[in-house]
Structures are given as structure tokens and as C-alpha cells.
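I have placed the structure first, in the form of C-alpha cells, so that the comments after it can refer back to it.
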Amino acid sequence: MAFRGYRRNDSRPMLFFAIGFGIILGLPLPVVALSLVVPWLSGPGGQAIIQTFELVGLVCIIYALRMDP
């Protein structure tokens with residue numbers, strides 16, 4: 001939805017919203033699926049990776065809120 005807003009209006013903040021939500025909602029699932037194959041990823045290592053993705057996504061969203069259109 002945010003990506004369509006970016007494409008329609010060519011708005012840079014909407015691009016960062018789309019990237020942020022894509023990272024937050026899209027990347028933890030492959031990490032969890034990969035943790036079934038790679039054993040060290042199922043413990044604190046996997047949680048650290050997921051939280052890093054969430055933090056990067058939130059930084060993108062905050063940057064989009066602070067950016068001038």
C-alpha cells in the first residue's frame with residue numbers, strides 16, 4: 001500500500017514507509033524459517049537478527065516521518 005503511494009505521488013517519505021514496513025513485516029519470517037535449518041539461529045542469535053531487522057525498519061519509518069516531502 002505504501003509502495004503504491006510512493007509510485008503514484010513520487011513521494012520519498014512513502015518510499016521509506018514502504019521499506020520500513022517491508023523490513024518489519026517481511027524479513028523476520030525467513031529468519032524463523034532459516035532457524036529450522038541452521039541450529040545456532042534458533043536461540044539468541046536468531047532473536048538478535050530479528051530485532052536488528054525490526055530496529056532498521058523502525059528507523060526507516062521514523063526517518064520518513066521526519067523527512068520533508
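Chains: A, B, ... in order of the C-alpha cells. Residues: from 1 per chain. Ligands: from 1, in order shown.
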
Handout entry: Residue list (helix (DSSP H, G or I), DSSP) for chain A, as number ranges by chain
Key = A: 2-9, 12-26, 28-35, 39-42, 44-66

Problem - Close residues, region 13-30 of chain A itself excluded, 9 Å, only C-alpha atoms, min 4 positions apart in chain, as number ranges by chain - result: A: 1-7, 9, 34-35, 49-51, 53-69

For those residues, write N, CA, C and O atoms to a file as a compact mmCIF listing (two decimals), in the first residue's frame.
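As a result, again-v7.txt now contains:
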# COMPACT_ATOMS: atom_id res chain seq x y z
N MET A 1 0.82 -1.18 0.00
CA MET A 1 0.00 0.00 0.00
C MET A 1 0.87 1.26 0.00
O MET A 1 0.63 2.16 -0.75
N ALA A 2 1.87 1.29 0.86
CA ALA A 2 2.76 2.46 0.90
C ALA A 2 3.58 2.56 -0.37
O ALA A 2 3.86 3.66 -0.84
N PHE A 3 3.93 1.42 -0.97
CA PHE A 3 4.70 1.45 -2.21
C PHE A 3 3.85 2.03 -3.33
O PHE A 3 4.36 2.77 -4.17
N ARG A 4 2.55 1.71 -3.35
CA ARG A 4 1.68 2.30 -4.37
C ARG A 4 1.58 3.81 -4.18
O ARG A 4 1.52 4.56 -5.15
N GLY A 5 1.55 4.26 -2.92
CA GLY A 5 1.54 5.70 -2.66
C GLY A 5 2.81 6.36 -3.14
O GLY A 5 2.78 7.48 -3.65
N TYR A 6 3.92 5.67 -2.99
CA TYR A 6 5.19 6.20 -3.50
C TYR A 6 5.16 6.29 -5.02
O TYR A 6 5.55 7.31 -5.59
N ARG A 7 4.69 5.24 -5.66
CA ARG A 7 4.68 5.23 -7.13
C ARG A 7 3.70 6.27 -7.69
O ARG A 7 3.97 6.89 -8.70
N ASN A 9 2.58 9.16 -6.22
CA ASN A 9 2.91 10.55 -5.92
C ASN A 9 4.40 10.86 -6.03
O ASN A 9 4.78 12.01 -5.84
N LEU A 34 14.61 -20.09 8.45
CA LEU A 34 16.00 -20.49 8.35
C LEU A 34 16.51 -21.09 9.66
O LEU A 34 17.40 -21.94 9.66
N SER A 35 15.90 -20.67 10.78
CA SER A 35 16.34 -21.21 12.07
C SER A 35 15.99 -22.69 12.22
O SER A 35 16.56 -23.37 13.06
N ILE A 49 19.13 -11.12 15.36
CA ILE A 49 18.98 -10.77 13.95
C ILE A 49 17.58 -10.19 13.69
O ILE A 49 17.44 -9.17 13.01
N ILE A 50 16.56 -10.82 14.24
CA ILE A 50 15.19 -10.33 14.06
C ILE A 50 15.03 -8.94 14.66
O ILE A 50 14.44 -8.05 14.04
N GLN A 51 15.56 -8.73 15.86
CA GLN A 51 15.44 -7.41 16.49
C GLN A 51 16.23 -6.35 15.75
O GLN A 51 15.83 -5.19 15.69
N PHE A 53 16.63 -6.34 12.43
CA PHE A 53 15.75 -6.01 11.30
C PHE A 53 14.62 -5.08 11.74
O PHE A 53 14.29 -4.11 11.05
N GLU A 54 14.02 -5.37 12.88
CA GLU A 54 12.93 -4.52 13.37
C GLU A 54 13.42 -3.11 13.68
O GLU A 54 12.73 -2.14 13.39
N LEU A 55 14.60 -3.01 14.25
CA LEU A 55 15.16 -1.70 14.55
C LEU A 55 15.45 -0.91 13.28
O LEU A 55 15.13 0.28 13.19
N VAL A 56 16.00 -1.56 12.28
CA VAL A 56 16.28 -0.89 11.00
C VAL A 56 14.97 -0.44 10.35
O VAL A 56 14.87 0.67 9.81
N GLY A 57 13.95 -1.28 10.40
CA GLY A 57 12.65 -0.91 9.85
C GLY A 57 12.04 0.28 10.57
O GLY A 57 11.50 1.20 9.94
N LEU A 58 12.14 0.30 11.90
CA LEU A 58 11.61 1.43 12.66
C LEU A 58 12.39 2.71 12.38
O LEU A 58 11.80 3.79 12.31
N VAL A 59 13.69 2.59 12.19
CA VAL A 59 14.49 3.78 11.84
C VAL A 59 14.06 4.32 10.49
O VAL A 59 13.96 5.54 10.31
N CYS A 60 13.76 3.45 9.54
CA CYS A 60 13.27 3.90 8.23
C CYS A 60 11.94 4.63 8.36
O CYS A 60 11.73 5.67 7.73
N ILE A 61 11.05 4.11 9.19
CA ILE A 61 9.75 4.75 9.37
C ILE A 61 9.90 6.10 10.07
O ILE A 61 9.28 7.09 9.68
N ILE A 62 10.73 6.16 11.10
CA ILE A 62 10.96 7.43 11.79
C ILE A 62 11.61 8.44 10.85
O ILE A 62 11.25 9.62 10.85
N TYR A 63 12.53 7.98 10.03
CA TYR A 63 13.16 8.88 9.05
C TYR A 63 12.11 9.41 8.07
O TYR A 63 12.14 10.59 7.71
N ALA A 64 11.17 8.58 7.66
CA ALA A 64 10.13 9.02 6.75
C ALA A 64 9.22 10.06 7.42
O ALA A 64 8.77 11.00 6.76
N LEU A 65 8.97 9.91 8.71
CA LEU A 65 8.14 10.89 9.42
C LEU A 65 8.85 12.22 9.58
O LEU A 65 8.21 13.27 9.60
N ARG A 66 10.15 12.21 9.72
CA ARG A 66 10.91 13.43 9.94
C ARG A 66 11.32 14.12 8.63
O ARG A 66 11.76 15.26 8.66
N MET A 67 11.18 13.45 7.51
CA MET A 67 11.64 13.94 6.22
C MET A 67 10.64 14.97 5.64
O MET A 67 9.44 14.83 5.82
N ASP A 68 11.17 15.96 4.96
CA ASP A 68 10.32 16.89 4.23
C ASP A 68 9.88 16.26 2.92
O ASP A 68 10.70 15.66 2.22
N PRO A 69 8.59 16.40 2.58
CA PRO A 69 8.11 15.77 1.33
C PRO A 69 8.66 16.40 0.08
O PRO A 69 9.12 17.39 -0.10
